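> Below is the file work-v6.cif, with mmCIF, N, CA and C atoms.
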data_data
loop_
_atom_site.label_atom_id
_atom_site.label_comp_id
_atom_site.auth_asym_id
_atom_site.auth_seq_id
_atom_site.Cartn_x
_atom_site.Cartn_y
_atom_site.Cartn_z
N MET M 1 27.87 39.83 27.70
CA MET M 1 29.25 40.18 27.88
C MET M 1 29.39 41.21 29.01
N LEU M 2 28.49 42.16 29.11
CA LEU M 2 28.58 43.17 30.16
C LEU M 2 28.55 42.53 31.55
N THR M 3 27.68 41.56 31.73
CA THR M 3 27.61 40.91 33.04
C THR M 3 28.88 40.10 33.31
N ASP M 4 29.47 39.53 32.28
CA ASP M 4 30.72 38.80 32.46
C ASP M 4 31.83 39.74 32.91
N LEU M 5 31.91 40.91 32.29
CA LEU M 5 32.93 41.88 32.68
C LEU M 5 32.70 42.39 34.10
N ALA M 6 31.45 42.58 34.47
CA ALA M 6 31.14 42.99 35.84
C ALA M 6 31.52 41.89 36.83
N ALA M 7 31.26 40.63 36.46
CA ALA M 7 31.60 39.50 37.33
C ALA M 7 33.12 39.39 37.52
N ILE M 8 33.87 39.66 36.47
CA ILE M 8 35.34 39.67 36.60
C ILE M 8 35.75 40.73 37.61
N GLY M 9 35.12 41.89 37.53
CA GLY M 9 35.40 42.95 38.50
C GLY M 9 35.07 42.51 39.92
N ALA M 10 33.99 41.77 40.10
CA ALA M 10 33.61 41.29 41.44
C ALA M 10 34.67 40.33 41.96
N ARG M 11 35.15 39.45 41.11
CA ARG M 11 36.18 38.50 41.52
C ARG M 11 37.50 39.20 41.85
N ARG M 12 37.76 40.30 41.15
CA ARG M 12 38.98 41.08 41.38
C ARG M 12 38.80 42.08 42.52
N ARG M 13 37.58 42.13 43.08
CA ARG M 13 37.23 43.08 44.13
C ARG M 13 37.44 44.53 43.66
N ASP M 14 36.97 44.78 42.45
CA ASP M 14 37.10 46.10 41.81
C ASP M 14 35.71 46.72 41.67
N PRO M 15 35.29 47.53 42.65
CA PRO M 15 33.92 48.06 42.60
C PRO M 15 33.66 48.95 41.39
N GLU M 16 34.67 49.67 40.91
CA GLU M 16 34.48 50.53 39.74
C GLU M 16 34.09 49.70 38.52
N GLN M 17 34.77 48.57 38.32
CA GLN M 17 34.47 47.72 37.18
C GLN M 17 33.08 47.10 37.33
N VAL M 18 32.76 46.65 38.53
CA VAL M 18 31.44 46.06 38.77
C VAL M 18 30.34 47.06 38.43
N VAL M 19 30.48 48.27 38.93
CA VAL M 19 29.44 49.29 38.75
C VAL M 19 29.36 49.74 37.29
N ALA M 20 30.50 49.97 36.66
CA ALA M 20 30.50 50.46 35.28
C ALA M 20 29.78 49.49 34.35
N TYR M 21 30.18 48.23 34.39
CA TYR M 21 29.57 47.25 33.49
C TYR M 21 28.19 46.80 33.98
N GLY M 22 28.02 46.74 35.30
CA GLY M 22 26.73 46.35 35.85
C GLY M 22 25.62 47.32 35.50
N LYS M 23 25.92 48.62 35.59
CA LYS M 23 24.90 49.63 35.25
C LYS M 23 24.55 49.58 33.76
N GLU M 24 25.54 49.33 32.92
CA GLU M 24 25.26 49.19 31.49
C GLU M 24 24.36 47.99 31.24
N ALA M 25 24.61 46.89 31.95
CA ALA M 25 23.78 45.70 31.79
C ALA M 25 22.36 45.94 32.30
N VAL M 26 22.22 46.68 33.40
CA VAL M 26 20.88 47.02 33.91
C VAL M 26 20.13 47.85 32.88
N ALA M 27 20.80 48.83 32.29
CA ALA M 27 20.16 49.67 31.27
C ALA M 27 19.73 48.82 30.07
N LEU M 28 20.58 47.88 29.68
CA LEU M 28 20.23 46.98 28.57
C LEU M 28 19.02 46.12 28.92
N ALA M 29 19.00 45.60 30.13
CA ALA M 29 17.87 44.77 30.56
C ALA M 29 16.57 45.57 30.55
N ARG M 30 16.63 46.80 31.00
CA ARG M 30 15.43 47.64 31.00
C ARG M 30 14.98 47.98 29.58
N ALA M 31 15.93 48.31 28.73
CA ALA M 31 15.59 48.72 27.36
C ALA M 31 15.08 47.55 26.53
N SER M 32 15.64 46.37 26.74
CA SER M 32 15.29 45.23 25.88
C SER M 32 14.22 44.33 26.48
N GLY M 33 14.06 44.40 27.80
CA GLY M 33 13.12 43.48 28.44
C GLY M 33 13.62 42.05 28.44
N SER M 34 14.92 41.87 28.28
CA SER M 34 15.52 40.54 28.19
C SER M 34 15.56 39.83 29.53
N GLY M 35 14.85 38.74 29.61
CA GLY M 35 14.89 37.90 30.81
C GLY M 35 16.25 37.27 31.01
N TYR M 36 16.95 37.00 29.91
CA TYR M 36 18.29 36.42 29.98
C TYR M 36 19.24 37.37 30.71
N VAL M 37 19.21 38.64 30.35
CA VAL M 37 20.09 39.62 30.99
C VAL M 37 19.72 39.77 32.46
N VAL M 38 18.45 39.76 32.77
CA VAL M 38 18.02 39.86 34.17
C VAL M 38 18.56 38.67 34.97
N ARG M 39 18.47 37.47 34.42
CA ARG M 39 19.00 36.29 35.11
C ARG M 39 20.50 36.41 35.33
N ARG M 40 21.20 36.89 34.33
CA ARG M 40 22.66 37.07 34.46
C ARG M 40 22.99 38.11 35.53
N LEU M 41 22.19 39.17 35.58
CA LEU M 41 22.40 40.20 36.61
C LEU M 41 22.13 39.65 38.00
N ARG M 42 21.14 38.83 38.14
CA ARG M 42 20.85 38.24 39.46
C ARG M 42 21.98 37.31 39.89
N ASN M 43 22.57 36.60 38.93
CA ASN M 43 23.74 35.78 39.25
C ASN M 43 24.91 36.67 39.68
N LEU M 44 25.08 37.78 38.98
CA LEU M 44 26.12 38.74 39.34
C LEU M 44 25.91 39.24 40.76
N TYR M 45 24.69 39.57 41.10
CA TYR M 45 24.35 40.05 42.43
C TYR M 45 24.85 39.08 43.51
N GLY M 46 24.74 37.81 43.23
CA GLY M 46 25.21 36.78 44.16
C GLY M 46 26.72 36.75 44.33
N GLU M 47 27.44 37.37 43.41
CA GLU M 47 28.91 37.38 43.47
C GLU M 47 29.48 38.62 44.16
N PHE M 48 28.64 39.54 44.59
CA PHE M 48 29.13 40.79 45.18
C PHE M 48 29.95 40.55 46.43
N GLY M 49 29.50 39.64 47.29
CA GLY M 49 30.23 39.36 48.52
C GLY M 49 30.54 40.61 49.31
N PRO M 50 31.80 40.76 49.75
CA PRO M 50 32.16 41.93 50.57
C PRO M 50 32.04 43.25 49.83
N LEU M 51 32.01 43.21 48.50
CA LEU M 51 31.86 44.45 47.74
C LEU M 51 30.51 45.11 47.99
N SER M 52 29.55 44.35 48.46
CA SER M 52 28.21 44.91 48.68
C SER M 52 28.21 46.00 49.76
N ARG M 53 29.30 46.12 50.52
CA ARG M 53 29.40 47.20 51.51
C ARG M 53 29.73 48.54 50.86
N ASP M 54 30.25 48.50 49.64
CA ASP M 54 30.52 49.74 48.90
C ASP M 54 29.18 50.34 48.48
N HIS M 55 28.96 51.63 48.75
CA HIS M 55 27.64 52.22 48.48
C HIS M 55 27.27 52.16 47.01
N ARG M 56 28.24 52.25 46.10
CA ARG M 56 27.94 52.18 44.67
C ARG M 56 27.47 50.79 44.27
N VAL M 57 28.13 49.79 44.83
CA VAL M 57 27.74 48.40 44.53
C VAL M 57 26.39 48.10 45.17
N ALA M 58 26.15 48.63 46.37
CA ALA M 58 24.86 48.44 47.03
C ALA M 58 23.73 49.05 46.20
N GLU M 59 23.97 50.23 45.63
CA GLU M 59 22.96 50.88 44.76
C GLU M 59 22.70 50.02 43.52
N LEU M 60 23.77 49.48 42.94
CA LEU M 60 23.59 48.58 41.79
C LEU M 60 22.77 47.36 42.20
N GLY M 61 23.06 46.81 43.36
CA GLY M 61 22.30 45.66 43.87
C GLY M 61 20.82 45.98 44.00
N ALA M 62 20.51 47.20 44.45
CA ALA M 62 19.11 47.61 44.58
C ALA M 62 18.46 47.73 43.20
N GLU M 63 19.20 48.23 42.23
CA GLU M 63 18.67 48.32 40.86
C GLU M 63 18.40 46.94 40.29
N ILE M 64 19.32 46.00 40.55
CA ILE M 64 19.13 44.64 40.06
C ILE M 64 17.90 44.00 40.73
N ALA M 65 17.78 44.20 42.03
CA ALA M 65 16.64 43.63 42.76
C ALA M 65 15.31 44.21 42.28
N ALA M 66 15.33 45.45 41.79
CA ALA M 66 14.11 46.10 41.32
C ALA M 66 13.68 45.65 39.93
N LEU M 67 14.55 44.96 39.22
CA LEU M 67 14.18 44.49 37.88
C LEU M 67 13.07 43.46 37.99
N GLY M 68 12.15 43.49 37.06
CA GLY M 68 11.02 42.57 37.06
C GLY M 68 11.46 41.13 36.90
N THR M 69 10.68 40.23 37.41
CA THR M 69 10.96 38.80 37.27
C THR M 69 10.69 38.39 35.83
N PRO M 70 11.67 37.75 35.19
CA PRO M 70 11.45 37.33 33.80
C PRO M 70 10.42 36.23 33.68
#
Is it possible to express this structure as structure tokens?

Amino acid sequence: MLTDLAAIGARRRDPEQVVAYGKEAVALARASGSGYVVRRLRNLYGEFGPLSRDHRVAELGAEIAALGTP
């Protein structure tokens, strides 16, 4: 659900929503080791588009890229 909410933010071009829910999803992926969450985050990363120029979204993208391969 967190990745879905972040994706909605990406579609709305709302960097605050993307970062808020995206960071929670990254924390969940790290804590649980869930490959499913990692895959969802990587899909989210693909939806950043022009938002990736925002430094907060770029930092989130780096965190997602640093997650281990499931």
> Name the residues of chain M that fall into helix (DSSP H, G or I) according to DSSP on the backbone, using the chain letters and numbers of this document, as a ChimeraX atom specification.
/M:2-11,15-32,35-46,49-53,55-66
> For the atom pair CA of Val19 in chain M and CA of Phe48 in chain M, what is the interatomic distance in Å to one decimal place?
10.7 Å
> Please compute the atom C of Gln17 in chain M-CA of Ser32 in chain M distance, one decimal, in Å.
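Result for atom C of Gln17 in chain M versus CA of Ser32 in chain M: 21.2 Å, one decimal.
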> Using the file's own x, y and z axes, what box holds all listed atoms of range 33-50 of chain M with 4 Å on each side, keeping edges along x, y and z, and what are its centre and edge lengths in Å to one decimal, as lines of an AutoDock Vina configuration file?

center_x = 22.6
center_y = 40.1
center_z = 39.2
size_x = 27.0
size_y = 16.6
size_z = 30.8
> What is the CA of Leu67 in chain M to CA of Leu28 in chain M distance in Å?
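Distance between the two atoms: 11.4 Å.
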> As a check of understanding, name the residues that the PyMOL selection byres (((chain M and resi 10 and name CA) around 10) and name CA) selects in the supplied structure, as a list in words.
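With the shown file as input, the PyMOL selection byres (((chain M and resi 10 and name CA) around 10) and name CA) matches Asp4, Leu5, Ala6, Ala7, Ile8, Gly9, Arg11, Arg12, Arg13, Asp14, Pro15, Glu16, Gln17, Val18, Val19, Leu44, Tyr45, Gly46, Glu47, Phe48, Gly49, Pro50, Leu51, Ser52 and Val57 of chain M.
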> Using only C-alpha atoms, what residues lie at most 12 Å away from (11.5, 38.8, 35.0) (file coordinates), given as a list in words?
Ala29, Arg30, Ser32, Gly33, Ser34, Gly35, Tyr36, Val37, Val38, Arg39, Arg40, Leu41, Arg42, Ile64, Ala65, Ala66, Leu67, Gly68, Thr69 and Pro70 of chain M
> Using only C-alpha atoms, which residue out of M:Glu63, M:Met1, M:Asn43, M:Arg56 lies closest to Ala27 in chain M?
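Residue with the minimum atom-to-atom distance to Ala27 in chain M: M:Glu63.
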> Which is closest to Thr3 in chain M among M:Ala20, M:Ala25, M:Ala62, M:Ala31, if we use only C-alpha atoms?
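Counting only C-alpha atoms, the residue closest to Thr3 in chain M is M:Ala25.
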> Working from the structure I just supplied, which lacks atoms in range 30-45 of chain M, can you model N, CA, C and O atoms there and output them as a CSV table (one decimal), in the frame of the given file?

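Produced file selection_32.csv, reproduced below:
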chain,number,residue,atom,x,y,z
M,30,ARG,N,16.6,46.8,31.0
M,30,ARG,CA,15.4,47.6,31.0
M,30,ARG,C,15.0,48.0,29.6
M,30,ARG,O,13.8,48.0,29.3
M,31,ALA,N,15.9,48.3,28.7
M,31,ALA,CA,15.6,48.7,27.4
M,31,ALA,C,15.1,47.6,26.5
M,31,ALA,O,14.2,47.7,25.7
M,32,SER,N,15.6,46.4,26.7
M,32,SER,CA,15.3,45.2,25.9
M,32,SER,C,14.2,44.3,26.5
M,32,SER,O,13.6,43.6,25.8
M,33,GLY,N,14.1,44.4,27.8
M,33,GLY,CA,13.1,43.5,28.4
M,33,GLY,C,13.6,42.0,28.4
M,33,GLY,O,12.8,41.1,28.6
M,34,SER,N,14.9,41.9,28.3
M,34,SER,CA,15.5,40.5,28.2
M,34,SER,C,15.6,39.8,29.5
M,34,SER,O,16.2,40.3,30.5
M,35,GLY,N,14.8,38.7,29.6
M,35,GLY,CA,14.9,37.9,30.8
M,35,GLY,C,16.2,37.3,31.0
M,35,GLY,O,16.7,37.1,32.1
M,36,TYR,N,17.0,37.0,29.9
M,36,TYR,CA,18.3,36.4,30.0
M,36,TYR,C,19.2,37.4,30.7
M,36,TYR,O,20.0,37.0,31.6
M,37,VAL,N,19.2,38.6,30.4
M,37,VAL,CA,20.1,39.6,31.0
M,37,VAL,C,19.7,39.8,32.5
M,37,VAL,O,20.6,39.9,33.3
M,38,VAL,N,18.4,39.8,32.8
M,38,VAL,CA,18.0,39.9,34.2
M,38,VAL,C,18.6,38.7,35.0
M,38,VAL,O,19.1,38.8,36.1
M,39,ARG,N,18.5,37.5,34.4
M,39,ARG,CA,19.0,36.3,35.1
M,39,ARG,C,20.5,36.4,35.3
M,39,ARG,O,21.0,36.1,36.4
M,40,ARG,N,21.2,36.9,34.3
M,40,ARG,CA,22.7,37.1,34.5
M,40,ARG,C,23.0,38.1,35.5
M,40,ARG,O,23.9,38.0,36.3
M,41,LEU,N,22.2,39.2,35.6
M,41,LEU,CA,22.4,40.2,36.6
M,41,LEU,C,22.1,39.6,38.0
M,41,LEU,O,22.8,40.0,39.0
M,42,ARG,N,21.1,38.8,38.1
M,42,ARG,CA,20.8,38.2,39.5
M,42,ARG,C,22.0,37.3,39.9
M,42,ARG,O,22.3,37.3,41.1
M,43,ASN,N,22.6,36.6,38.9
M,43,ASN,CA,23.7,35.8,39.2
M,43,ASN,C,24.9,36.7,39.7
M,43,ASN,O,25.6,36.3,40.6
M,44,LEU,N,25.1,37.8,39.0
M,44,LEU,CA,26.1,38.7,39.3
M,44,LEU,C,25.9,39.2,40.8
M,44,LEU,O,26.9,39.3,41.5
M,45,TYR,N,24.7,39.6,41.1
M,45,TYR,CA,24.4,40.0,42.4
M,45,TYR,C,24.8,39.1,43.5
M,45,TYR,O,25.4,39.5,44.5
